[in-house]
Structures are given as C-alpha cells and as structure tokens.
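Engineer: For reference, the file input01.cif (mmCIF, C-alpha atoms) is included below:
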data_entry
#
loop_
_atom_site.label_atom_id
_atom_site.label_comp_id
_atom_site.auth_asym_id
_atom_site.auth_seq_id
_atom_site.Cartn_x
_atom_site.Cartn_y
_atom_site.Cartn_z
CA MET T 1091 23.78 -11.00 12.29
CA ARG T 1092 22.41 -7.68 13.57
CA VAL T 1093 20.07 -5.90 11.15
CA ASP T 1094 18.67 -2.44 11.85
CA LEU T 1095 15.42 -1.82 9.98
CA LEU T 1096 14.32 1.78 9.40
CA THR T 1097 10.71 2.78 8.85
CA ARG T 1098 8.36 5.69 9.34
CA GLU T 1099 5.36 3.50 10.23
CA TYR T 1100 5.39 0.71 12.74
CA PRO T 1101 2.48 -0.98 14.53
CA PRO T 1102 0.32 0.20 16.09
CA HIS T 1103 0.87 3.45 14.19
CA VAL T 1104 0.15 2.28 10.64
CA TYR T 1105 -1.76 4.17 7.96
CA GLY T 1106 -0.62 2.60 4.68
CA GLY T 1107 0.65 -0.49 2.92
CA ALA T 1108 4.29 0.14 3.80
CA GLY T 1109 3.43 0.03 7.48
CA VAL T 1110 1.48 -3.20 7.07
CA HIS T 1111 4.43 -4.66 5.13
CA VAL T 1112 6.97 -3.70 7.78
CA GLY T 1113 4.85 -4.98 10.66
CA ALA T 1114 4.28 -8.38 9.07
CA LEU T 1115 7.83 -8.73 7.77
CA THR T 1116 9.51 -7.90 11.07
CA ASP T 1117 7.38 -10.48 12.89
CA ARG T 1118 8.98 -13.15 10.70
CA LEU T 1119 12.47 -11.66 10.42
CA ARG T 1120 12.97 -11.79 14.19
CA ASP T 1121 13.26 -15.57 13.90
CA LEU T 1122 15.97 -15.27 11.23
CA VAL T 1123 18.23 -12.38 12.29
CA ASP T 1124 19.05 -10.18 15.27
CA LEU T 1125 16.59 -7.45 14.35
CA ARG T 1126 16.26 -3.92 15.71
CA VAL T 1127 13.59 -1.53 14.45
CA HIS T 1128 13.84 2.26 14.22
CA CYS T 1129 10.63 4.19 13.56
CA PHE T 1130 9.11 7.66 13.74
CA GLY T 1131 7.14 8.80 16.75
CA PRO T 1132 7.18 8.79 20.54
CA ASP T 1133 9.01 6.01 22.33
CA ALA T 1134 6.51 3.34 23.41
CA GLY T 1135 9.03 1.36 25.45
CA ARG T 1136 8.94 -1.67 23.15
CA SER T 1137 11.79 -4.17 23.16
CA ARG T 1138 14.25 -3.72 20.28
CA VAL T 1139 12.17 -0.86 18.86
CA LEU T 1140 13.64 2.63 19.03
CA ALA T 1141 11.34 5.53 18.19
CA HIS T 1142 12.81 8.80 16.91
CA GLY T 1143 10.93 12.05 17.45
CA VAL T 1144 11.16 15.44 15.79
CA PRO T 1145 13.45 17.86 17.69
CA ASP T 1146 11.48 20.62 19.41
CA VAL T 1147 13.24 23.28 17.37
CA LEU T 1148 11.75 21.74 14.20
CA GLY T 1149 8.26 21.27 15.59
CA SER T 1150 6.74 23.64 13.04
CA ALA T 1151 9.16 22.89 10.19
CA ASN T 1152 8.29 21.47 6.79
CA PRO T 1153 7.61 17.69 7.02
CA SER T 1154 10.57 16.95 4.77
CA LEU T 1155 12.93 18.78 7.13
CA GLN T 1156 11.45 16.93 10.10
CA ALA T 1157 12.09 13.66 8.27
CA LEU T 1158 15.65 14.73 7.51
CA ALA T 1159 16.28 15.37 11.20
CA ILE T 1160 14.91 11.96 12.14
CA ASN T 1161 17.12 10.40 9.46
CA ALA T 1162 20.15 11.97 11.15
CA SER T 1163 19.05 10.54 14.51
CA MET T 1164 18.52 7.08 13.02
CA SER T 1165 21.87 7.05 11.25
CA HIS T 1166 23.58 7.79 14.56
CA ALA T 1167 21.68 5.01 16.34
CA VAL T 1168 22.46 2.19 13.89
CA ALA T 1169 26.20 2.14 14.57
CA GLY T 1170 27.32 -1.45 15.04
CA ALA T 1171 24.74 -3.05 12.75
CA ALA T 1172 25.84 -5.53 10.08
CA VAL T 1173 23.13 -4.38 7.65
CA VAL T 1174 20.79 -1.41 7.60
CA HIS T 1175 17.46 -1.79 5.78
CA SER T 1176 15.31 1.26 4.98
CA HIS T 1177 11.69 1.51 3.84
CA THR T 1178 10.31 4.50 1.86
CA TRP T 1179 11.92 7.88 1.29
CA TYR T 1180 11.16 8.80 4.88
CA THR T 1181 14.12 6.69 6.05
CA ASN T 1182 16.17 5.98 2.91
CA PHE T 1183 18.56 8.82 3.64
CA ALA T 1184 19.32 7.45 7.11
CA GLY T 1185 20.47 4.24 5.45
CA ARG T 1186 22.63 6.21 3.06
CA LEU T 1187 24.22 8.19 5.90
CA ALA T 1188 24.93 4.99 7.85
CA GLN T 1189 26.48 3.51 4.73
CA GLN T 1190 28.81 6.52 4.49
CA LEU T 1191 29.57 6.85 8.19
CA TYR T 1192 30.15 3.23 9.13
CA GLY T 1193 30.54 1.32 5.88
CA ILE T 1194 27.36 -0.65 6.65
CA PRO T 1195 25.69 -2.29 3.63
CA HIS T 1196 22.42 -0.53 2.86
CA VAL T 1197 19.32 -2.35 1.61
CA ILE T 1198 16.28 -0.42 0.38
CA THR T 1199 12.81 -1.84 -0.07
CA ALA T 1200 11.12 0.14 -2.84
CA HIS T 1201 7.40 0.29 -2.09
CA SER T 1202 6.90 3.18 -4.52
CA LEU T 1203 9.01 5.93 -6.09
CA GLU T 1204 8.66 9.64 -5.34
CA PRO T 1205 9.07 10.88 -8.95
CA LEU T 1206 6.08 8.73 -9.92
CA ARG T 1207 3.87 10.36 -7.27
CA PRO T 1208 3.81 14.08 -8.19
CA TRP T 1209 0.63 14.61 -6.17
CA LYS T 1210 2.82 14.24 -3.05
CA ALA T 1211 3.82 17.86 -3.64
CA GLN T 1212 0.50 18.88 -2.05
CA GLN T 1213 1.03 16.70 1.00
CA LEU T 1214 4.62 17.81 1.61
CA ASP T 1215 3.89 21.52 1.18
CA GLY T 1216 7.07 22.46 -0.67
CA GLY T 1217 9.17 19.55 0.53
CA TYR T 1218 8.59 17.28 -2.45
CA GLU T 1219 11.95 18.14 -4.02
CA VAL T 1220 13.61 17.26 -0.73
CA SER T 1221 11.85 13.89 -0.55
CA CYS T 1222 12.89 13.16 -4.14
CA PHE T 1223 16.49 14.12 -3.33
CA MET T 1224 16.60 11.87 -0.26
CA GLU T 1225 15.28 8.91 -2.22
CA ARG T 1226 17.46 9.50 -5.28
CA GLU T 1227 20.69 9.87 -3.30
CA ALA T 1228 20.03 6.66 -1.37
CA MET T 1229 18.71 4.63 -4.29
CA ALA T 1230 21.68 5.41 -6.51
CA ARG T 1231 24.16 4.00 -3.99
CA ALA T 1232 22.24 1.27 -2.19
CA ASP T 1233 23.99 -2.07 -2.05
CA GLN T 1234 20.73 -3.85 -2.82
CA VAL T 1235 17.23 -2.72 -3.78
CA ILE T 1236 14.27 -4.97 -3.00
CA ALA T 1237 11.25 -4.22 -5.19
CA VAL T 1238 7.81 -5.36 -4.06
CA SER T 1239 6.87 -6.30 -7.64
CA HIS T 1240 8.45 -6.75 -11.05
CA ALA T 1241 6.71 -3.53 -12.10
CA VAL T 1242 8.47 -1.62 -9.32
CA ALA T 1243 11.78 -3.23 -10.30
CA ARG T 1244 11.33 -1.87 -13.82
CA ASP T 1245 10.40 1.54 -12.44
CA VAL T 1246 13.55 1.65 -10.30
CA THR T 1247 15.92 1.19 -13.24
CA GLU T 1248 13.91 3.51 -15.50
CA VAL T 1249 13.59 6.35 -12.99
CA TYR T 1250 17.12 5.83 -11.65
CA PRO T 1251 19.22 4.55 -14.60
CA GLU T 1252 22.33 4.70 -12.42
CA VAL T 1253 20.97 1.70 -10.49
CA ASP T 1254 22.46 -1.52 -11.88
CA PRO T 1255 19.62 -3.99 -12.55
CA ALA T 1256 21.82 -6.66 -10.96
CA ARG T 1257 21.35 -4.82 -7.64
CA VAL T 1258 17.54 -5.12 -7.82
CA VAL T 1259 15.68 -8.19 -6.59
CA VAL T 1260 11.92 -8.77 -6.42
CA VAL T 1261 10.29 -9.92 -3.17
CA HIS T 1262 6.51 -9.76 -3.44
CA ASN T 1263 4.36 -8.51 -0.59
CA GLY T 1264 2.79 -11.29 1.41
CA ILE T 1265 -0.41 -11.98 3.29
CA ASP T 1266 -1.32 -13.88 6.42
CA ALA T 1267 -3.80 -16.28 4.85
CA GLU T 1268 -4.74 -17.76 8.22
CA GLN T 1269 -5.77 -14.37 9.55
CA TYR T 1270 -7.31 -13.20 6.27
CA ALA T 1271 -9.64 -16.07 5.40
CA PRO T 1272 -13.33 -16.32 4.48
CA ASP T 1273 -15.57 -15.46 7.43
CA LEU T 1274 -19.27 -15.48 6.61
CA GLY T 1275 -20.33 -14.37 10.06
CA THR T 1276 -22.02 -10.97 10.43
CA GLU T 1277 -21.74 -10.10 14.12
CA ALA T 1278 -18.73 -7.79 13.65
CA LEU T 1279 -20.41 -6.05 10.71
CA GLU T 1280 -23.66 -5.66 12.65
CA ALA T 1281 -21.68 -4.02 15.45
CA GLU T 1282 -20.46 -1.50 12.88
CA GLY T 1283 -23.98 -0.94 11.54
CA ILE T 1284 -23.29 -2.49 8.15
CA ALA T 1285 -25.71 -4.91 6.48
CA VAL T 1286 -24.76 -7.17 3.58
CA ASP T 1287 -28.28 -8.10 2.49
CA ARG T 1288 -27.67 -6.85 -1.06
CA PRO T 1289 -24.88 -7.35 -3.63
CA THR T 1290 -21.93 -5.50 -2.12
CA VAL T 1291 -18.85 -3.88 -3.64
CA VAL T 1292 -15.95 -2.99 -1.34
CA CYS T 1293 -12.97 -0.67 -1.66
CA VAL T 1294 -10.27 -0.09 0.96
CA GLY T 1295 -7.71 2.66 0.53
CA ARG T 1296 -6.15 5.91 1.60
CA ILE T 1297 -7.80 9.13 0.43
CA SER T 1298 -5.17 10.18 -2.05
CA PRO T 1299 -5.10 10.90 -5.80
CA GLN T 1300 -2.89 7.80 -6.04
CA LYS T 1301 -5.70 5.50 -4.95
CA GLY T 1302 -8.25 6.73 -7.50
CA LEU T 1303 -11.22 6.74 -5.13
CA LEU T 1304 -12.88 9.65 -6.93
CA HIS T 1305 -12.90 7.62 -10.15
CA LEU T 1306 -14.67 4.82 -8.31
CA LEU T 1307 -17.33 7.20 -7.01
CA ARG T 1308 -17.86 8.43 -10.57
CA ALA T 1309 -18.59 4.81 -11.51
CA VAL T 1310 -21.37 4.42 -8.93
CA PRO T 1311 -24.23 5.77 -11.13
CA PHE T 1312 -23.47 2.97 -13.58
CA PHE T 1313 -23.58 0.17 -10.98
CA VAL T 1314 -26.50 -2.24 -10.93
CA PRO T 1315 -29.38 -0.52 -9.07
CA GLY T 1316 -29.99 -1.91 -5.61
CA SER T 1317 -26.35 -2.78 -5.00
CA GLN T 1318 -24.16 -1.35 -2.26
CA LEU T 1319 -20.70 0.23 -2.23
CA VAL T 1320 -18.75 0.30 1.03
CA VAL T 1321 -15.55 2.36 1.01
CA VAL T 1322 -13.22 1.94 3.97
CA ALA T 1323 -11.05 5.07 3.83
CA GLN T 1324 -9.85 6.25 7.21
CA SER T 1325 -6.77 8.35 6.42
CA ALA T 1326 -6.13 11.12 3.90
CA ASP T 1327 -2.99 12.66 2.48
CA THR T 1328 -4.32 16.15 3.22
CA ALA T 1329 -7.38 17.80 4.74
CA ALA T 1330 -8.25 19.12 1.27
CA HIS T 1331 -8.29 15.59 -0.14
CA ARG T 1332 -10.62 14.45 2.65
CA ALA T 1333 -12.98 17.36 2.05
CA GLU T 1334 -13.05 16.68 -1.70
CA PHE T 1335 -13.76 13.00 -1.07
CA ALA T 1336 -16.56 13.79 1.41
CA LYS T 1337 -18.21 16.00 -1.18
CA ALA T 1338 -17.97 13.26 -3.80
CA VAL T 1339 -19.47 10.68 -1.42
CA ALA T 1340 -22.41 12.98 -0.69
CA ALA T 1341 -23.03 13.39 -4.43
CA ALA T 1342 -22.76 9.64 -5.09
CA ARG T 1343 -25.36 8.87 -2.41
CA ASP T 1344 -28.07 10.59 -4.44
CA GLY T 1345 -28.84 7.56 -6.59
CA ALA T 1346 -30.01 3.97 -6.81
CA VAL T 1347 -26.88 2.54 -5.20
CA ASP T 1348 -26.32 2.70 -1.45
CA VAL T 1349 -22.92 4.27 -0.70
CA ARG T 1350 -21.31 3.83 2.72
CA TRP T 1351 -18.10 5.54 3.81
CA VAL T 1352 -16.30 4.02 6.79
CA SER T 1353 -14.15 6.93 7.90
CA GLY T 1354 -13.32 5.97 11.47
CA ALA T 1355 -12.20 2.95 13.46
CA PHE T 1356 -13.13 -0.37 11.86
CA SER T 1357 -12.17 -3.69 13.38
CA ARG T 1358 -10.10 -6.20 11.44
CA ARG T 1359 -12.79 -8.81 12.07
CA ALA T 1360 -15.39 -6.51 10.52
CA LEU T 1361 -13.15 -5.89 7.51
CA ILE T 1362 -12.62 -9.63 6.97
CA GLN T 1363 -16.37 -10.26 7.20
CA LEU T 1364 -17.05 -7.37 4.82
CA LEU T 1365 -14.57 -8.73 2.26
CA SER T 1366 -15.93 -12.26 2.68
CA HIS T 1367 -19.48 -11.15 1.89
CA ALA T 1368 -18.54 -8.80 -0.96
CA ARG T 1369 -19.39 -9.72 -4.53
CA ALA T 1370 -16.38 -7.69 -5.67
CA PHE T 1371 -13.42 -5.78 -4.31
CA VAL T 1372 -12.32 -2.78 -6.37
CA SER T 1373 -8.84 -1.26 -6.57
CA PRO T 1374 -9.14 1.89 -8.76
CA SER T 1375 -5.54 3.02 -8.14
CA LEU T 1376 -3.66 5.16 -10.63
CA TYR T 1377 -0.36 3.91 -9.18
CA GLU T 1378 -0.18 0.68 -7.20
CA PRO T 1379 3.20 -1.03 -6.70
CA LEU T 1380 1.54 -4.19 -5.28
CA GLY T 1381 -1.50 -3.52 -3.16
CA ILE T 1382 -1.65 -5.50 0.06
CA VAL T 1383 -5.38 -4.75 0.26
CA ILE T 1384 -5.81 -6.65 -3.01
CA LEU T 1385 -4.10 -9.67 -1.45
CA GLU T 1386 -6.28 -9.32 1.66
CA ALA T 1387 -9.43 -9.39 -0.49
CA MET T 1388 -8.20 -12.39 -2.49
CA ALA T 1389 -7.32 -14.23 0.73
CA CYS T 1390 -10.90 -13.72 1.88
CA GLY T 1391 -12.17 -15.32 -1.32
CA THR T 1392 -13.30 -12.12 -3.03
CA ALA T 1393 -13.13 -11.50 -6.78
CA VAL T 1394 -11.11 -8.36 -7.60
CA VAL T 1395 -11.59 -5.60 -10.15
CA ALA T 1396 -8.36 -3.63 -10.40
CA THR T 1397 -6.77 -1.10 -12.67
CA ALA T 1398 -3.95 -2.66 -14.67
CA THR T 1399 -1.25 -0.54 -13.11
CA GLY T 1400 2.02 -1.33 -11.36
CA GLY T 1401 2.06 -4.70 -9.65
CA SER T 1402 -1.70 -5.31 -9.72
CA PRO T 1403 -1.45 -7.61 -12.78
CA GLU T 1404 1.07 -9.69 -10.80
CA ALA T 1405 -1.63 -10.35 -8.20
CA VAL T 1406 -4.85 -10.42 -10.24
CA VAL T 1407 -5.07 -12.90 -13.11
CA ASP T 1408 -7.48 -11.31 -15.58
CA GLY T 1409 -10.52 -13.50 -16.14
CA GLU T 1410 -9.42 -16.01 -13.50
CA THR T 1411 -9.25 -14.23 -10.14
CA GLY T 1412 -10.98 -11.06 -11.25
CA HIS T 1413 -10.84 -8.39 -13.93
CA LEU T 1414 -8.17 -5.86 -14.92
CA VAL T 1415 -9.18 -2.46 -16.29
CA PRO T 1416 -6.68 -0.58 -18.49
CA LEU T 1417 -5.52 2.93 -17.65
CA GLN T 1418 -5.21 5.61 -20.31
CA PRO T 1419 -2.32 8.13 -20.24
CA THR T 1420 -3.40 11.77 -20.04
CA MET T 1421 -1.69 14.89 -21.38
CA THR T 1422 -4.12 17.77 -20.70
CA ASP T 1423 -6.88 18.67 -18.27
CA GLN T 1424 -9.47 17.85 -20.95
CA ALA T 1425 -7.83 14.51 -21.69
CA GLU T 1426 -7.72 13.76 -17.96
CA GLU T 1427 -11.44 14.45 -17.63
CA GLU T 1428 -12.20 12.19 -20.60
CA ALA T 1429 -9.94 9.44 -19.28
CA SER T 1430 -11.61 9.65 -15.86
CA SER T 1431 -15.02 9.22 -17.47
CA VAL T 1432 -13.83 6.23 -19.50
CA LEU T 1433 -12.20 4.64 -16.44
CA ALA T 1434 -15.35 5.08 -14.35
CA LYS T 1435 -17.52 3.41 -16.98
CA GLU T 1436 -15.07 0.54 -17.53
CA LEU T 1437 -14.83 -0.07 -13.79
CA ALA T 1438 -18.63 -0.22 -13.68
CA VAL T 1439 -18.81 -2.68 -16.58
CA ARG T 1440 -16.46 -5.10 -14.84
CA VAL T 1441 -18.08 -4.65 -11.44
CA ASN T 1442 -21.52 -5.24 -12.92
CA GLU T 1443 -20.38 -8.51 -14.47
CA LEU T 1444 -19.74 -9.75 -10.94
CA LEU T 1445 -22.82 -8.15 -9.41
CA THR T 1446 -25.06 -9.95 -11.91
CA ASP T 1447 -23.19 -13.27 -11.94
CA ALA T 1448 -22.75 -14.58 -8.42
CA ALA T 1449 -21.44 -17.93 -9.65
CA SER T 1450 -18.57 -16.32 -11.58
CA ALA T 1451 -17.76 -14.04 -8.65
CA GLU T 1452 -17.63 -17.05 -6.32
CA ARG T 1453 -15.43 -19.03 -8.76
CA MET T 1454 -13.00 -16.13 -9.14
CA GLY T 1455 -12.93 -15.63 -5.40
CA ARG T 1456 -11.94 -19.25 -4.80
CA ALA T 1457 -9.23 -18.98 -7.47
CA GLY T 1458 -7.96 -15.80 -5.85
CA ARG T 1459 -7.53 -17.45 -2.47
CA GLU T 1460 -5.74 -20.38 -4.10
CA ARG T 1461 -3.39 -17.94 -5.81
CA VAL T 1462 -2.62 -16.19 -2.53
CA LEU T 1463 -1.87 -19.50 -0.84
CA SER T 1464 0.55 -20.54 -3.60
CA HIS T 1465 2.27 -17.23 -4.40
CA PHE T 1466 2.10 -14.70 -1.54
CA SER T 1467 3.46 -15.46 1.93
CA TRP T 1468 5.16 -13.32 4.56
CA ASP T 1469 7.20 -16.33 5.66
CA ARG T 1470 8.56 -16.72 2.14
CA ALA T 1471 9.19 -12.97 1.87
CA ALA T 1472 11.13 -12.94 5.16
CA ARG T 1473 13.33 -15.83 4.06
CA GLN T 1474 14.10 -14.07 0.78
CA VAL T 1475 14.93 -10.80 2.55
CA ALA T 1476 17.18 -12.59 5.04
CA GLU T 1477 19.01 -14.19 2.13
CA VAL T 1478 19.63 -10.72 0.69
CA TYR T 1479 21.21 -9.72 4.00
CA ARG T 1480 23.46 -12.78 3.98
CA THR T 1481 24.81 -11.98 0.53
CA LEU T 1482 26.05 -8.60 1.81
CA VAL T 1483 27.97 -9.61 4.96
#
Could the structure of this file be written out as structure tokens, please?
Structural biologist:
Amino acid sequence: MRVDLLTREYPPHVYGGAGVHVGALTDRLRDLVDLRVHCFGPDAGRSRVLAHGVPDVLGSANPSLQALAINASMSHAVAGAAVVHSHTWYTNFAGRLAQQLYGIPHVITAHSLEPLRPWKAQQLDGGYEVSCFMEREAMARADQVIAVSHAVARDVTEVYPEVDPARVVVVHNGIDAEQYAPDLGTEALEAEGIAVDRPTVVCVGRISPQKGLLHLLRAVPFFVPGSQLVVVAQSADTAAHRAEFAKAVAAARDGAVDVRWVSGAFSRRALIQLLSHARAFVSPSLYEPLGIVILEAMACGTAVVATATGGSPEAVVDGETGHLVPLQPTMTDQAEEEASSVLAKELAVRVNELLTDAASAERMGRAGRERVLSHFSWDRAARQVAEVYRTLV
C-alpha cells in the first residue's frame, strides 16, 4: 500500500513538535507501508522524500500564498497513492485537492487548530484567514482525522461541527524512551557552558504566545532564591516575539535566580543531560495539544509542572508525575494582565514545591518515566496510524 505523507517540516529542518512527530512516525511507518514523504524546502536528494519549493514568481508573496502554491505542487505529485496523509494546515489543502482530483482517501493528523491560535495572525502577516480556510476546507471533508490527544479530538468536533465524531480517532504522540532516558553525565552540558550545581528548572519551547514563556519569566521572582532557570528557546514565530522575549529575559536576570537562555544550537545529548539533572520541567503553554517536550522530560525522569490545557492532563498525572496549574479565561486586557499575574504565581508555587522537596521531585520523575514507557510509544502510534490507512483502502 503506497502512502504519501505531506508535511511542512521534515528532518533535518524541524522547528516544532509537528516536525518531531513526523520524523519519528515516518521512521516507523516505513516498515509498515510503502511510504513517500513530501515536504517544504529545497530538494536534499533523499530517497522517497520529495521537497517542494516556492515558485520564483511567489518569492516575496505572503507565506499563506506560498503554502498554497506548494500545496498545488504536492497534490500533483501524489497521483497514484492509495492514501494521502497531511500534517498541519500547511499541507492539509494538498490532501484535499488530491482527494478531489484522484479520489484518494485523505487522512489528516490534527496537531492543533488554526481558529484556536489567533496569535498566528501576526506570524502570517494577513494570511491567517487563508490558513484557516485551507484547514477548514480539508478538515470538513477528510476521510479520517487523527487527533494527537482526546482534547484535540474534542476541539475538532467543536470548531468544525460538520466533522462526524466517528471520523475522528485519537493516536497519542510518542517518545523514543531509549533515546530519551536519564543521563546524569555532565560533559555535554559543560561543553555548552551550563552548570547544574544548584536546583534547576528547565523549559523548552518555541518563542510564541502559544507557549506562554513570558508567563514563566514573570514567575521567576517568586522562585526559591539560589535556583536556576534554563530556557531552551531557539526559534520564534516572529522577530518581534524574539525581541520581546529577549527583553523579558534581561529583566528576569536582575534577581536572586540565575536565568539562562539557550538561543542557539544545543545538542540532543546536552538537552537530555539538562532534563535529567533538572528538579522540574515547566510547560507554561496557553494551548498545548500534547507537548512532545513534556514526554521527553518525563522520559528523562523529570517531574513536570504544566498548565492544565489541551492534552497536557493526558500526559501529566497531577500529584503523581508532576503538577497541573489551571488556566483562567480572559475577556479584557485588564483581565488578561490579572490572569497572567495569577498564572505566574501559581507556576512558582508548584515549581517551589519541587525545588524544596528533592525526594518528591525524584519520586514524580520516576513515575513519569514509567508512565511514558507504558502509554507513549512511536511504535504503537505507527501501528495505529497504519491501521487507519488499512480501513480506507
């Protein structure tokens, strides 16, 4: 059975969770189906991977129009496939076009939903309505929707009521628990100039309003003095977001807590050692379908403090593998400011519980790894996805 998988990100060009998901999933799917991958970018000459570039005439066009052109190219290239499988709005429309052109069943993996990410309007510079259209048109007519969490499955049918719940199946994100495992060495960290000689809190995420990093920085003044926060944040939605974050980091450094921002290249080995030594991993996201970084931290035996949003409660068991912090809805700018202050303080309370109680942090970390081993596997996810394909052909 030939399956053509469509994605914007594909290793080595990965900047977010969807790219990590696709890279890990395709590694396993190749053993189960005849898989071909279509991605954005220059052709790297890889076997069974076809890269689609932006036509020269659209080199300066809005990003949404560039994506639309690549979708047209992809839809042309998938002719002959038994199933086409798209990831994120960037390629959903290509799957829809292939479905119309060739009668190919179209599967969508919903990593997130555009209408629930209004801040994307800044990143897409006027193309947000186009991205929403591309996703909505494809989602409404997809033969099957795979949601990465039960929370995302609920969002799909609420945001797109025309989608029959019977066409939505949940396949959780996975983790390579052999690769992401406790490593108490320090040589990779020392090479990066990072010491872990004090209680350490870690956060890994994209610089985006979605990830809530500014709320975490607001929590720093309330952390236990003498502790350390290391934020690994290498990519940003926009230059303005990066500049705002840099300013917030500079302000947070003027206190009793050491704040480190890893903004450039950072080896996977160093990340695993950092997570392994951390007293707590924090996910302050405002919208998190099912964070792979949370699973990476749990696999490394790290207790997690996460906002109770999206699929995070499906990964983190409150009081057992970490702590969940509630999010408050906001209606006005004043309410948003108040909610941000409350969130920052509640994050700090939960983080401090782990900073001051190493035994509890260690116990929760062990429970987190056990949960990853029993519930989250890329091999299991690939088998479930392959079974979805088989039901459609």
Engineer: Distance atom CA of T:Lys1301-atom CA of T:Leu1414, one decimal place?
Structural biologist: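 Between atom CA of T:Lys1301 and atom CA of T:Leu1414 the gap is 15.3 Å.
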Engineer: Using Å and a single decimal, report how far atom CA of T:Val1462 sits from atom CA of T:Phe1313.
Structural biologist: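 Computed distance, atom CA of T:Phe1313 to atom CA of T:Val1462, equals 27.9 Å.
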Engineer: Translate the PyMOL selection byres ((chain T and resi 1171) around 8), as applied to the file shown, into an explicit residue set as a PyMOL selection string.
Structural biologist: chain T and resi 1092-1094+1168-1170+1172-1174+1194
Engineer: Would you compute, for all listed atoms of stretch 1327-1334 of chain T, the axis-aligned bounding box grown by 4 Å on each side, and then report its centre and edge lengths in Å rounded to one decimal, as JSON?
Structural biologist:
{"center_x": -8.0, "center_y": 15.9, "center_z": 1.5, "size_x": 18.1, "size_y": 14.5, "size_z": 14.4}
Engineer: Evaluate the PyMOL selection byres ((chain T and resi 1126) around 8) against this structure - the residues, as a tab-separated table (two decimals) with C-alpha atoms, keeping the file's coordinate frame, please.
Structural biologist:
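Dumped to out04.tsv:
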chain	number	residue	atom	x	y	z
T	1092	ARG	CA	22.41	-7.68	13.57
T	1093	VAL	CA	20.07	-5.90	11.15
T	1094	ASP	CA	18.67	-2.44	11.85
T	1095	LEU	CA	15.42	-1.82	9.98
T	1124	ASP	CA	19.05	-10.18	15.27
T	1125	LEU	CA	16.59	-7.45	14.35
T	1127	VAL	CA	13.59	-1.53	14.45
T	1128	HIS	CA	13.84	2.26	14.22
T	1138	ARG	CA	14.25	-3.72	20.28
T	1139	VAL	CA	12.17	-0.86	18.86
T	1140	LEU	CA	13.64	2.63	19.03
Engineer: Spell out the residues picked by the PyMOL selection byres ((chain T and resi 1246-1259) around 12) here, as a ChimeraX atom specification.
Structural biologist: /T:1196-1207,1222-1223,1225-1245,1260-1262,1379,1400,1471,1474-1475,1477-1478,1481-1482
Engineer: Applying 8 Å and only C-alpha atoms, which residues near T:Ile1265 remain after dropping the ones on its own chain fewer than 2 positions away? List them as a PyMOL selection string.
Structural biologist: chain T and resi 1263+1267+1270+1382+1385-1386+1389+1462+1466-1468
Engineer: Could you tell me how far atom CA of T:Ala1370 lies from atom CA of T:Leu1306, in Å and to one decimal?
Structural biologist: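 Between atom CA of T:Ala1370 and atom CA of T:Leu1306 the gap is 12.9 Å.
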Engineer: May I have the residues within 10 Å of T:Glu1277 as a list in words, using all atoms listed in the file and disregarding those fewer than 5 positions away in the same chain?
Structural biologist: Glu1282, Gly1283, Ile1284, Arg1359, Ala1360 and Gln1363 of chain T
Engineer: Which is closest to T:Met1454 among T:Gln1156, T:Thr1411, T:Ser1317, T:Ser1357, if we use only C-alpha atoms?
Structural biologist: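 For T:Met1454, the nearest of the given residues is T:Thr1411.
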Engineer: Around the point (-9.9, -11.8, -8.3) in the file's coordinates, collect all residues with an atom within 10 Å, using only C-alpha atoms, and return them as an MDAnalysis selection string.
Structural biologist: chainID T and resid 1370:1372 1384:1385 1387:1389 1391:1396 1405:1414 1451:1459 1461
Engineer: For T:Leu1274, work out the shell of residues within 12 Å, counting only C-alpha atoms and skipping chain neighbours fewer than 2 positions away, then give it as a ChimeraX atom specification.
Structural biologist: /T:1271-1272,1276-1279,1286,1359-1368,1390-1392
Engineer: Neighbours of T:Lys1435 within 6 Å (all atoms listed in the file; same-chain residues fewer than 3 positions away dropped), as a VMD selection string?
Structural biologist: chain T and resid 1309 1432 1438
Engineer: Need the shell around stretch 1336-1342 of chain T: protein/DNA/RNA residues with any atom at most 9 Å away, counting all atoms listed in the file. Skip same-chain ones fewer than 5 positions apart. Format as a count of residues only?
Structural biologist: 11
Engineer: Considering only C-alpha atoms, can you say which of T:Val1314, T:Gln1300, T:Asp1469, T:Ser1221 comes closest to T:Glu1378?
Structural biologist: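 Using only C-alpha atoms, the shortest distance to T:Glu1378 belongs to T:Gln1300.
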Engineer: Using only C-alpha atoms, pick whichever of T:Asp1273, T:Asp1266, T:Glu1427, T:Glu1099 has the shortest atom-to-atom distance to T:His1177.
Structural biologist: T:Glu1099
